[in-house]
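Participant: Got a structure here, written out as structure tokens. Questions coming.
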Protein chains: 2
Amino acid sequence: MVNGYTGNILRVNLSNEKISIEVLDEIFCRRYIGGEGFVAYYLLKELEAGINPLGPENKLIFACGPLTGLAIPGTGRNSVGAKSPLTGGFGEAEVGGHWGAELKHAGFDAIIVEGKAKNPVYLWIHDGEAEIRDANHLWGKVTGDVQEKILEELNDEHIRVAQIGPGGERLVRYACIINDLRNAAGRTGMGAVMGSKNLKAIAVRGNQRQEAVDKEKLRAVLKIFNETLQQRNAGYFEFGTGGNIMEESASSGNLSFRNFRDGGFANAIALDPNTIKETLGLEKDGCYACSIRCKKVVKIGDPWNIDSKYGGPEYETLGALGSNCGVDDVRAVCKANEICNKYSIDTISTGVSIGFAMECYEEGILTDKDTDGIKLTFGNAEAMVQMVELIGKREGLGDLLAEGVKRASDKLKNGSEKFAMHVKGVEIPMHEPRLKQGMGLGHALSPTGAEHMTNLDDYSIAHKRVMAYHGAIGILEPLELDDLSSKKVRAVVYITNWKYLFNALLMCYFVFWRYDHITEIVNAVTGWNTSLWELMKVGERISTMTRVFNTREGLTKKDDWLPDRFFKPHTSGALSETKIDPDKLKNAIKTYYTMMGWDENGIPTRSKLEELELDWIVNP
Amino acid sequence: MVNGYTGNILRVNLSNEKISIEVLDEIFCRRYIGGEGFVAYYLLKELEAGINPLGPENKLIFACGPLTGLAIPGTGRNSVGAKSPLTGGFGEAEVGGHWGAELKHAGFDAIIVEGKAKNPVYLWIHDGEAEIRDANHLWGKVTGDVQEKILEELNDEHIRVAQIGPGGERLVRYACIINDLRNAAGRTGMGAVMGSKNLKAIAVRGNQRQEAVDKEKLRAVLKIFNETLQQRNAGYFEFGTGGNIMEESASSGNLSFRNFRDGGFANAIALDPNTIKETLGLEKDGCYACSIRCKKVVKIGDPWNIDSKYGGPEYETLGALGSNCGVDDVRAVCKANEICNKYSIDTISTGVSIGFAMECYEEGILTDKDTDGIKLTFGNAEAMVQMVELIGKREGLGDLLAEGVKRASDKLKNGSEKFAMHVKGVEIPMHEPRLKQGMGLGHALSPTGAEHMTNLDDYSIAHKRVMAYHGAIGILEPLELDDLSSKKVRAVVYITNWKYLFNALLMCYFVFWRYDHITEIVNAVTGWNTSLWELMKVGERISTMTRVFNTREGLTKKDDWLPDRFFKPHTSGALSETKIDPDKLKNAIKTYYTMMGWDENGIPTRSKLEELELDWIVNP
């Protein structure tokens with residue numbers, strides 16, 4: 001039995017096959033917590049500036065948090081980080097499932113993978129030990145086959161596997177890492193980094209259970225939590241993500257329609273899990289210890305023949321591969337989702353890359369010659385599915401699209417740039433910045449490019465009940481969705497820092513944790529006397545570290561901006577008169593910098609670094 | 001019954017005798033809390049820049065907090081604020097006793113006194129009503145007589161009185177306001193402002209009891225609190241302030257000896273309440289609802305004949321009128337304390353002014369001619385007591401010293417300036433900045449001049465147990481007393497903001513509240529879902545408002561500095577080789593500015609104001 005805060009780090013150098021274990025002290029754990037906090041610390045501390053993200057000098061870090069592995073709903077997650085091959089800056093993604101908890105049970109809070117194996121390998125980590133094993137026989141295989149093989153050869157069906165499919169091997173720049181076949185550490189290309197290291201998979205298994213320092217206190221919080229869970233999460237219980245907002249998102253203009261161009265299409269409701277539950281044979285799956293079970297599982301026969309072990313599409317996937325490509329056939333989206341998970345490529349970037357290609361095709365920038373005859377028009381479900389597979393294999397036009405829309409448009413030119421919907425090279429996820437302008441600001445500023453994991457959802461502060469919930473972080477009055485005043489910036493700053501904390505604790509947003517409960521849970525597990533104040537400062541610390549990392553890699557304030565498209569309204573629908581005002585956005589970005597204690601160029605000041613105890617950055 | 005957060009403000013204009021009541025909304029109360037928060041808000045909002053602090057344009061504000069009046073130990077306090085006649089900037093002081101609770105029971109959270117009465121008056125506030133009454137018959141009287149008279153004429157022995165004695169009437173610049181004869185809103189000359197308005201007293205009485213929204217929760221926190229109270233506050237229970245640290249303070253050099261010049265003297269222990277309990281007939285008194293009862297009551301007969309109704313000396317008084325004047329006769333100090341409370345003059349400023357005069361006398365800058373023959377040497381107990389009375393009456397040399405050491409030395413010149421121990425015109429309290437250098441930094445930066453109510457006591461973070469207590473605000477490692485690095489500045493910033501919160505909630509430091517308990521108590525009383533994060537932001541908000549106020553009044557970064565004496569060691573004792581390094585102090589001040597989000601001139605940036613929801617200052 002070990003305390004939650006006790007951190008063991010497994011360091012594996014694939015070049016020289018050296019494996020070592022490092023024990024972290026309590027103050028370090030309290031200051032950086034875990035997850036994205038550990039990732040930010042080690043990348044900043046250990047990577048040299050300017051390295052090739054796909055070279056052996058990059059490090060790939062898997063990290064859990066102090067709560068991971070305990071029976072607390074919404075904590076079955078882990079973080080993966082490295083210098084990103086998409087942005088050239090800070091790369092990180094979180095992922096649900098069971099792998100993180102199993103890693104913790106195997107005795108480790110984090111793994112730092114260094115170097116590059118000569119030949120394909122996988123890691124086998126079990127009860128405090130680790131070994132590098134040959135993976136020549138697994139290379140080239142899709143994720144389902146790999147998992148089956150590993151469980152078979154290690155002879156334990158309870159093993160959990162994080163891995164890459166052929167997309168990661170082939171360095172698709174937005175390749176992801178797949179846990180348990182259906183959970184993706186999706187964004188910023190962590191799967192490509194794993195592929196570049198010839199690391200096919202990490203299999204984990206262990207029996208070292210954590211215990212809370214104050215078990216009674218933990219039980220008491222979870223009791224209150226469980227009593228109100230059903231009411232807070234009704235939508236998620238029944239349909240998972242998208243189940244509660246797909247219809248609303250379609251009508252409000254929040255979904256992307258045809259590469260963020262249009263305001264809707266007739267049959268968008270066909271993508272809503274509420275309407276299609278039976279068609280899909282929809283079932284539910286969950287992460288470790290989570291009672292919500294928000295993960296979809298779909299069973300669809302001819303002609304799609306979707307293997308249910310790869311799960312089903314999340315809201316983001318329904319949007320990116322569905323409405324964003326003009327596709328209203330939810331079964332095609334499910335198929336595309338299955339292929340993404342087989343090949344380990346990010347559904348959001350994949351969908352947005354295909355949407356980009358569709359618009360280029362319709363505009364004549366791409367032709368049948370480029371597509372090998374595929375009629376790549378918006379709404380062509382079959383073409384969409386074909387393109388997903390080509391990207392996963394880096395074949396035909398897929399090879400270009402596997403670079404992401406930024407690099408693809410840099411190559412295509414001819415005005416294709418204006419269809420490349422990305423920030424810092426990362427494709428925009430499925431909440432419309434013109435509708436939720438605080439989220440637009442967040443996209444522009446996020447160190448990992450456009451993303452939805454540390455970003456404010458403006459809905460959450462648009463309602464009268466805001467004080468009763470967000471009052472704990474001083475947001476007392478509701479704010480309009482299209483507000484970009486300093487009041488909104490303040491909310492973005494506070495909520496973003498709060499979400500960095502989530503990514504350090506590896507807690508899930510869908511559980512709708514109350515601020516006070518999180519503090520109590522951390523204290524019960526660790527025995528600390530922490531407060532929301534200290535925890536918010538951890539979030540601010542992580543945000544600031546990622547900014548320092550990007551600055552060091554040459555990203556500047558010029559990279560904090562949105563695609564031009566968002567400064568014009570939709571062609572139709574609810575937002576046909578709504579756009580982002582670039583002057584307001586510019587002001588908001590400036591205000592964000594100074595509210596964060598960054599200078600006018602967006603570089604954290606020395607005093608801010610010192611205040612956040614990051615003086616080791618100032619005086620290394 | 002009313003919720004803790006519901007705020008009623010009584011506004012009294014003494015010039016036109018208009019009385020009105022204003023009801024505050026919940027969001028306002030949550031943002032500014034009460035006490036120093038309300039004071040800072042209304043002074044900033046309602047005073048015109050550049051007014052005469054002793055003119056009718058100044059406003060005198062009395063404010064309670066949401067907890068005042070409830071049966072919670074350590075909350076029997078109130079705040080008093082106005083533009084300060086000592087600093088020309090933000091003036092504020094807090095005071096214990098029973099008056100604040102009684103004001104709340106009378107139905108008011110705060111009183112704003114405007115204008116100036118034609119003739120002496122007092123206010124009589126009872127159960128939601130208020131009247132202005134004639135005080136001609138009270139003018140010139142000492143506090144004890146006034147209280148007796150008022151209780152008699154209003155015919156209620158449970159009435160509580162806040163008032164000024166002759167020192168306030170005569171505009172001694174550091175006159176204080178006395179509650180219940182023995183509790184002083186001591187610093188920054190609030191009694192002089194009261195005197196300038198011809199307001200002799202405010203008598204309060206009421207039966208409108210508050211109730212906590214969640215009584216059960218409040219009971220639960222107080223249960224834990226009470227169980228551990230005795231152990232946390234042992235020294236205070238037995239001897240009050242000074243009882244636990246006087247001996248240590250003498251030997252460590254923490255006490256001021258002879259106007260901060262020397263390192264100690266032989267019989268300093270004679271001032272320690274531990275050693276003199278029986279000689280003094282020491283008894284104890286407490287504030288409203290407080291079980292600690294840390295207030296001394298002394299009974300001393302011939303030749304001093306001290307009236308016990310005026311209480312006994314606090315630590316600060318024992319230091320300022322004792323060791324600081326070289327006086328080791330504790331009975332003389334008790335007598336001086338009694339006179340201060342009769343005349344309503346601040347014991348700290350009085351003691352430091354006399355210490356200043358003693359050094360000037362020994363250095364030949366003041367002569368027997370100036371003192372009317374009083375041999376004003378260090379250690380002359382009788383002379384010290386005589387001078388206190390002369391200051392209270394503004395007679396002889398007392399008239400000059402009643403101006404405070406800054407103005408006195410400006411007039412005397414001849415090198416007296418280097419003996420004037422003040423910051424921004426406010427005399428230095430009794431913790432040695434050369435020993436506790438974080439406190440030294442705090443003195444330099446405090447908006448109310450040198451002071452001990454929002455200032456870090458470096459002892460509190462010098463011990464290994466720091467993480468278990470201050471970890472809640474992210475101070476995880478102990479720091480040396482003489483550290484002035486950015487680590488110390490960070491601790492000063494955090495703890496200062498925390499203490500501003502105390503002055504808004506009107507909670508007492510001597511109760512040693514745990515951070516989590518305070519949050520829980522505020523929530524139980526108000527029904528809010530606040531957190532330590534939001535509460536710390538309230539503290540930061542108040543600190544920033546006071547800074548804006550001072551900037552508007554023309555105070556600049558030049559005013560953020562310490563007397564030269566602190567840059568040289570003591571002449572003897574524990575600190576005979578310890579001084580403050582002016583370069584380190586300069587750097588620390590610069591760092592403090594930027595950590596607070598103030599510019600290089602110490603002026604809060606627009607973004608910081610906006611982040612703290614003080615945009616009404618930016619766009620009035």
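Chain labels run A, B, ... following the order of the structure tokens; each chain numbers its residues from 1, and ligands are numbered from 1 in the order shown.
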Residues of chain A were defined as contacting chain B if any atom lay at most 7 Å from it, counting only C-alpha atoms; please report them as a ChimeraX atom specification.
Facilitator: /A:27,468,471-474,476,486,490,529-534,591,594-595,597,607-608,610-611
Participant: Write the selection just made, keeping C-alpha atoms, as a PDB file, in the first residue's frame?
Facilitator:
ATOM      1  CA  ILE A  27       7.055  18.548  -2.156  1.00  0.00           C
ATOM      2  CA  ALA A 468     -23.672  28.625  -7.271  1.00  0.00           C
ATOM      3  CA  GLY A 471     -18.528  31.192  -7.512  1.00  0.00           C
ATOM      4  CA  ALA A 472     -15.839  29.054  -5.888  1.00  0.00           C
ATOM      5  CA  ILE A 473     -13.383  30.576  -8.340  1.00  0.00           C
ATOM      6  CA  GLY A 474     -14.899  34.015  -8.175  1.00  0.00           C
ATOM      7  CA  LEU A 476     -20.242  35.430  -9.824  1.00  0.00           C
ATOM      8  CA  SER A 486     -11.944  41.565 -19.957  1.00  0.00           C
ATOM      9  CA  ARG A 490     -10.814  36.670 -16.662  1.00  0.00           C
ATOM     10  CA  ASN A 529      -3.928  20.187   3.782  1.00  0.00           C
ATOM     11  CA  THR A 530      -4.205  21.598   0.315  1.00  0.00           C
ATOM     12  CA  SER A 531      -6.847  24.103  -0.742  1.00  0.00           C
ATOM     13  CA  LEU A 532      -8.476  25.196  -3.934  1.00  0.00           C
ATOM     14  CA  TRP A 533      -6.092  28.135  -3.832  1.00  0.00           C
ATOM     15  CA  GLU A 534      -3.003  25.970  -3.885  1.00  0.00           C
ATOM     16  CA  THR A 591      -5.405  41.088 -21.678  1.00  0.00           C
ATOM     17  CA  THR A 594      -1.113  40.423 -18.666  1.00  0.00           C
ATOM     18  CA  MET A 595      -3.658  38.652 -16.471  1.00  0.00           C
ATOM     19  CA  GLY A 597       1.674  37.703 -15.661  1.00  0.00           C
ATOM     20  CA  SER A 607       8.489  37.581 -11.237  1.00  0.00           C
ATOM     21  CA  LYS A 608       5.640  35.367 -12.338  1.00  0.00           C
ATOM     22  CA  GLU A 610       9.396  33.143  -9.261  1.00  0.00           C
ATOM     23  CA  GLU A 611       5.942  33.467  -7.768  1.00  0.00           C
TER      24      GLU A 611
END
Participant: Write out as JSON lines the residues of segment 82-122 of chain B that have any atom within 9 Å of an atom of segment 133-142 of chain B, one row each with the nearest atom pair and its distance in Å to one decimal, counting only C-alpha atoms, sorted by chain and then rising number.
Facilitator:
{"residue": "B:Asn119", "atom": "CA", "partner": "B:Asn136", "partner_atom": "CA", "distance": 7.0}
{"residue": "B:Pro120", "atom": "CA", "partner": "B:Ala135", "partner_atom": "CA", "distance": 4.9}
{"residue": "B:Val121", "atom": "CA", "partner": "B:Ala135", "partner_atom": "CA", "distance": 4.2}
{"residue": "B:Tyr122", "atom": "CA", "partner": "B:Arg133", "partner_atom": "CA", "distance": 5.2}
Participant: Quick one: residues within 12 Å of segment 368-370 of chain B, only C-alpha atoms counted, chain neighbours fewer than 2 positions away excluded, as a PyMOL selection string?
Facilitator: chain B and resi 357-358+360-362+364-366+372-377+395-401+412
Participant: Could you write out the selected residues, including N, CA and C atoms, as a PDB file, in the first residue's frame?
Facilitator:
ATOM      1  N   ALA B 357      11.763  61.291  20.933  1.00  0.00           N
ATOM      2  CA  ALA B 357      12.085  62.490  21.713  1.00  0.00           C
ATOM      3  C   ALA B 357      13.223  62.209  22.691  1.00  0.00           C
ATOM      4  N   MET B 358      13.216  61.009  23.275  1.00  0.00           N
ATOM      5  CA  MET B 358      14.287  60.649  24.219  1.00  0.00           C
ATOM      6  C   MET B 358      15.637  60.624  23.519  1.00  0.00           C
ATOM      7  N   CYS B 360      16.406  62.235  20.773  1.00  0.00           N
ATOM      8  CA  CYS B 360      16.721  63.634  20.439  1.00  0.00           C
ATOM      9  C   CYS B 360      17.242  64.372  21.676  1.00  0.00           C
ATOM     10  N   TYR B 361      16.665  64.076  22.811  1.00  0.00           N
ATOM     11  CA  TYR B 361      17.087  64.715  24.061  1.00  0.00           C
ATOM     12  C   TYR B 361      18.509  64.289  24.407  1.00  0.00           C
ATOM     13  N   GLU B 362      18.772  63.000  24.310  1.00  0.00           N
ATOM     14  CA  GLU B 362      20.122  62.512  24.639  1.00  0.00           C
ATOM     15  C   GLU B 362      21.149  63.022  23.638  1.00  0.00           C
ATOM     16  N   GLY B 364      20.973  65.945  22.265  1.00  0.00           N
ATOM     17  CA  GLY B 364      21.032  67.398  22.367  1.00  0.00           C
ATOM     18  C   GLY B 364      20.172  68.146  21.356  1.00  0.00           C
ATOM     19  N   ILE B 365      19.375  67.444  20.616  1.00  0.00           N
ATOM     20  CA  ILE B 365      18.503  68.115  19.645  1.00  0.00           C
ATOM     21  C   ILE B 365      17.295  68.720  20.361  1.00  0.00           C
ATOM     22  N   LEU B 366      16.844  68.032  21.396  1.00  0.00           N
ATOM     23  CA  LEU B 366      15.850  68.604  22.307  1.00  0.00           C
ATOM     24  C   LEU B 366      16.569  68.928  23.623  1.00  0.00           C
ATOM     25  N   ASP B 372      10.352  71.530  29.006  1.00  0.00           N
ATOM     26  CA  ASP B 372       9.928  72.197  30.246  1.00  0.00           C
ATOM     27  C   ASP B 372      10.540  71.529  31.471  1.00  0.00           C
ATOM     28  N   GLY B 373      11.791  71.167  31.311  1.00  0.00           N
ATOM     29  CA  GLY B 373      12.539  70.645  32.454  1.00  0.00           C
ATOM     30  C   GLY B 373      12.447  69.153  32.668  1.00  0.00           C
ATOM     31  N   ILE B 374      11.631  68.470  31.903  1.00  0.00           N
ATOM     32  CA  ILE B 374      11.552  67.014  32.070  1.00  0.00           C
ATOM     33  C   ILE B 374      12.845  66.379  31.559  1.00  0.00           C
ATOM     34  N   LYS B 375      13.444  65.513  32.364  1.00  0.00           N
ATOM     35  CA  LYS B 375      14.686  64.840  31.972  1.00  0.00           C
ATOM     36  C   LYS B 375      14.302  63.641  31.099  1.00  0.00           C
ATOM     37  N   LEU B 376      14.245  63.912  29.841  1.00  0.00           N
ATOM     38  CA  LEU B 376      13.657  62.935  28.923  1.00  0.00           C
ATOM     39  C   LEU B 376      14.705  61.925  28.418  1.00  0.00           C
ATOM     40  N   THR B 377      15.287  61.212  29.371  1.00  0.00           N
ATOM     41  CA  THR B 377      16.303  60.219  28.993  1.00  0.00           C
ATOM     42  C   THR B 377      15.659  58.846  28.882  1.00  0.00           C
ATOM     43  N   GLU B 395      -0.052  69.373  25.079  1.00  0.00           N
ATOM     44  CA  GLU B 395       0.565  70.469  25.844  1.00  0.00           C
ATOM     45  C   GLU B 395       2.076  70.357  25.766  1.00  0.00           C
ATOM     46  N   GLY B 396       2.770  71.489  25.844  1.00  0.00           N
ATOM     47  CA  GLY B 396       4.230  71.514  25.867  1.00  0.00           C
ATOM     48  C   GLY B 396       4.800  70.769  24.678  1.00  0.00           C
ATOM     49  N   LEU B 397       5.855  69.962  24.948  1.00  0.00           N
ATOM     50  CA  LEU B 397       6.464  69.170  23.884  1.00  0.00           C
ATOM     51  C   LEU B 397       5.471  68.176  23.297  1.00  0.00           C
ATOM     52  N   GLY B 398       4.457  67.833  24.083  1.00  0.00           N
ATOM     53  CA  GLY B 398       3.413  66.909  23.621  1.00  0.00           C
ATOM     54  C   GLY B 398       2.713  67.397  22.363  1.00  0.00           C
ATOM     55  N   ASP B 399       2.633  68.695  22.216  1.00  0.00           N
ATOM     56  CA  ASP B 399       1.956  69.244  21.027  1.00  0.00           C
ATOM     57  C   ASP B 399       2.742  68.906  19.763  1.00  0.00           C
ATOM     58  N   LEU B 400       4.073  68.994  19.866  1.00  0.00           N
ATOM     59  CA  LEU B 400       4.902  68.633  18.716  1.00  0.00           C
ATOM     60  C   LEU B 400       4.829  67.122  18.456  1.00  0.00           C
ATOM     61  N   LEU B 401       4.976  66.346  19.529  1.00  0.00           N
ATOM     62  CA  LEU B 401       5.000  64.891  19.372  1.00  0.00           C
ATOM     63  C   LEU B 401       3.641  64.346  18.909  1.00  0.00           C
ATOM     64  N   LEU B 412      11.930  69.810  13.684  1.00  0.00           N
ATOM     65  CA  LEU B 412      13.137  69.922  14.514  1.00  0.00           C
ATOM     66  C   LEU B 412      14.412  69.978  13.683  1.00  0.00           C
TER      67      LEU B 412
END
Participant: Just the number, please: distance in Å from atom CA of Asp25 of chain B to atom CA of Asn8 of chain B, one decimal.
Facilitator: 9.4 Å
Participant: So which bits of segment 251-317 of chain B end up helix (DSSP H, G or I) when you DSSP the backbone, as a list of chain:residue names?
Facilitator: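 Answer for segment 251-317 of chain B, restricted to helix (DSSP H, G or I): B:Ser251, B:Ser252, B:Ala268, B:Ile269, B:Ala270, B:Leu271, B:Pro273, B:Asn274, B:Thr275, B:Ile276, B:Ser308, B:Lys309, B:Tyr310, B:Tyr315, B:Glu316, B:Thr317.
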Participant: With only C-alpha atoms as the atoms that count, which of B:His431, B:Lys200, B:Lys406, B:Lys296 lies nearest to Lys277 of chain B?
Facilitator: B:Lys296
Participant: Excluding Arg219 of chain B and residues on its chain fewer than 5 positions from it, collect all residues at most 12 Å away from it, counting only C-alpha atoms, and give them as a list in words.
Facilitator: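 Listing them by chain and then by number gives Leu70, Ala71, Ile72, Glu211, Ala212, Val213, Asp214, Ile224, Phe225, Asn226, His517, Glu520, Ile521, Ala524 and Val525 of chain B.
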Participant: In segment 248-350 of chain B, what's strand (DSSP E or B) per DSSP? Answer as a VMD selection string?
Facilitator: chain B and resid 257 262 283 to 285 295 to 297 300 306 345
Participant: Between atom CA of Val297 of chain A and atom CA of Leu282 of chain A, what is the distance in Å, rounded to a tenth?
Facilitator: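 Straight-line distance from atom CA of Val297 of chain A to atom CA of Leu282 of chain A works out to 5.7 Å.
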Participant: At a cut-off of 7 Å, using only C-alpha atoms, what residues contact Asp180 of chain A? Leave out same-chain residues fewer than 3 positions from it and give the result as a ChimeraX atom specification.
Facilitator: /A:97,160-162,183
Participant: Can you pull out every residue within 8 Å of Glu432 of chain B, counting only C-alpha atoms, but drop anything in the same chain fewer than 5 positions away, and send it as a PyMOL selection string?
Facilitator: chain B and resi 253-256+260+440
Participant: May I have the residues within 7 Å of Asn58 of chain B as an NGL selection string, using only C-alpha atoms and disregarding those fewer than 2 positions away in the same chain?
Facilitator: :B and (47 or 51-56 or 60 or 82-83 or 114)
Participant: Store the residues picked out above, limited to all heavy atoms, as a compact mmCIF listing (two decimals), in the first residue's frame.
Facilitator:
# COMPACT_ATOMS: atom_id res chain seq x y z
N LEU B 47 -14.52 59.25 -2.02
CA LEU B 47 -13.69 60.41 -1.66
C LEU B 47 -13.10 61.05 -2.91
O LEU B 47 -12.67 60.36 -3.82
CB LEU B 47 -12.54 60.00 -0.73
CG LEU B 47 -12.88 59.60 0.69
CD1 LEU B 47 -11.60 59.60 1.55
CD2 LEU B 47 -13.94 60.49 1.32
N ILE B 51 -8.34 65.61 -0.85
CA ILE B 51 -9.07 66.29 0.23
C ILE B 51 -8.23 66.32 1.51
O ILE B 51 -7.31 65.52 1.68
CB ILE B 51 -10.41 65.59 0.56
CG1 ILE B 51 -10.15 64.11 0.95
CG2 ILE B 51 -11.39 65.69 -0.58
CD1 ILE B 51 -11.20 63.53 1.84
N ASN B 52 -8.57 67.24 2.39
CA ASN B 52 -7.93 67.33 3.70
C ASN B 52 -8.49 66.21 4.59
O ASN B 52 -9.69 66.14 4.83
CB ASN B 52 -8.26 68.71 4.30
CG ASN B 52 -7.75 68.84 5.73
OD1 ASN B 52 -7.02 67.99 6.24
ND2 ASN B 52 -8.13 69.95 6.36
N PRO B 53 -7.59 65.36 5.12
CA PRO B 53 -8.10 64.25 5.95
C PRO B 53 -8.83 64.73 7.20
O PRO B 53 -9.67 64.00 7.74
CB PRO B 53 -6.84 63.47 6.33
CG PRO B 53 -5.67 64.17 5.77
CD PRO B 53 -6.14 65.30 4.92
N LEU B 54 -8.52 65.92 7.63
CA LEU B 54 -9.20 66.44 8.82
C LEU B 54 -10.30 67.45 8.46
O LEU B 54 -10.79 68.19 9.31
CB LEU B 54 -8.17 67.06 9.77
CG LEU B 54 -7.14 66.04 10.32
CD1 LEU B 54 -6.08 66.72 11.18
CD2 LEU B 54 -7.83 64.92 11.11
N GLY B 55 -10.68 67.46 7.18
CA GLY B 55 -11.77 68.33 6.75
C GLY B 55 -13.08 67.56 6.64
O GLY B 55 -13.10 66.33 6.72
N PRO B 56 -14.18 68.27 6.45
CA PRO B 56 -15.50 67.62 6.40
C PRO B 56 -15.67 66.70 5.18
O PRO B 56 -16.56 65.86 5.18
CB PRO B 56 -16.47 68.81 6.33
CG PRO B 56 -15.66 69.98 5.89
CD PRO B 56 -14.26 69.73 6.34
N LEU B 60 -15.63 58.82 7.46
CA LEU B 60 -15.16 57.88 8.47
C LEU B 60 -16.09 56.67 8.43
O LEU B 60 -17.30 56.80 8.61
CB LEU B 60 -15.19 58.55 9.85
CG LEU B 60 -14.68 57.71 11.02
CD1 LEU B 60 -13.19 57.41 10.88
CD2 LEU B 60 -14.94 58.43 12.35
N ALA B 82 -10.63 55.72 6.96
CA ALA B 82 -10.79 57.09 6.44
C ALA B 82 -9.48 57.45 5.78
O ALA B 82 -8.49 56.73 5.91
CB ALA B 82 -11.08 58.07 7.58
N LYS B 83 -9.46 58.54 5.06
CA LYS B 83 -8.16 59.04 4.62
C LYS B 83 -7.37 59.42 5.86
O LYS B 83 -7.89 60.07 6.77
CB LYS B 83 -8.34 60.25 3.69
CG LYS B 83 -7.00 60.84 3.23
CD LYS B 83 -7.16 61.86 2.13
CE LYS B 83 -5.81 62.48 1.79
NZ LYS B 83 -5.89 63.43 0.68
N GLU B 114 -20.29 61.14 7.29
CA GLU B 114 -19.86 62.19 6.36
C GLU B 114 -19.99 63.56 7.03
O GLU B 114 -20.73 63.73 8.00
CB GLU B 114 -20.77 62.18 5.13
CG GLU B 114 -20.85 60.82 4.43
CD GLU B 114 -21.87 60.79 3.29
OE1 GLU B 114 -22.78 61.66 3.27
OE2 GLU B 114 -21.74 59.91 2.45
